[in-house]
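Okay, so here's the structure we're looking at.
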Amino acid sequence: MHKFIAVAACAVLLSGCVSTRSTMLTENTAEVTARGAHSNDRDEVVSATLEEAAKLTRVHGYRYFVILTAEDASHWGSTNVPGLVLSYNRNARFVGAPIPGLQHLPSATFKTPDTSVPFITPGLMITIQMYREGEVDPGRQEIWNPEVILGPTASAR
């Protein structure tokens, strides 16, 4: 039972980092999107986007891909953080004596103001065009090779 809980906790933690999805637009063109869960996931978002593009290229039987467009798919927003609730009891004692300076106040509850906290979850959307061996010069700078990204023995999952 303890192993199941540990595995489930790891799965939840790992799955919440970066999510990717891809959509084929044409026979050799696709859109790949990755979104992070936290503001510090930027590097992971870029890596996950390139890995998904490389996997997609391999799965469809292509050898190389080119990034046609890249767009920011980040999400900005803010969340409300409630203020603290502080209670004062007139009869409260501080080492046997009333709390100094507060004995003239009636019992009350005070609340600090709510705070709006901005956040950003990084995201990246790229459009790629895939090429078979011989359709493009692999020496050109803008050509991506899935073997470099995934490794020569990584399987297309």
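Ordering of the structure tokens sets the chain letters (A, B, ...); residue numbers start at 1 within each chain; ligands are numbered from 1 in the order shown.
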
Quiz prompt | Close residues, Glu27 in chain A itself excluded, 12 Å, only C-alpha atoms, min 2 positions apart in chain, as a ChimeraX atom specification | solution = /A:23-25,29-31,56-57,60-62,128-132

Using only C-alpha atoms, the best pick from A:Ala53, A:Met125, A:Ala108, A:Ile67 as closest to Pro146 in chain A would be A:Ala53

Min atom-atom distance to Pro118 in chain A from the set A:Asn28, A:Thr20, A:Asn145, A:Ser39, counting only C-alpha atoms, belongs to A:Ser39

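The interatomic distance for the pair CA of Ala37 in chain A and CA of Ala73 in chain A works out to 12.5 Å.
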
Check your understanding: Which polymer residues have any atom within 10 Å of an atom of Thr33 in chain A, counting only C-alpha atoms, with same-chain residues fewer than 4 positions away left out, as a ChimeraX atom specification?
Key -> /A:19-23,45-46,48-50,52-53,70-73,123-127

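Nearest residue to Glu44 in chain A among A:Val18, A:Thr112, A:Ser74, A:Thr69 is A:Val18, counting only C-alpha atoms.
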
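Among A:Thr109, A:Glu135, A:Val148, A:Pro122, the residue with the shortest atom-to-atom distance to His38 in chain A, counting only C-alpha atoms, is A:Pro122.
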
Among A:Val59, A:Ala34, A:Ala54, A:Val66, Asp137 in chain A is approached most closely, using only C-alpha atoms, by A:Val66

Selection near Lys111 in chain A, 7 Å with only C-alpha atoms, sequence-local residues under 3 positions removed, as a PyMOL selection string: chain A and resi 83-86
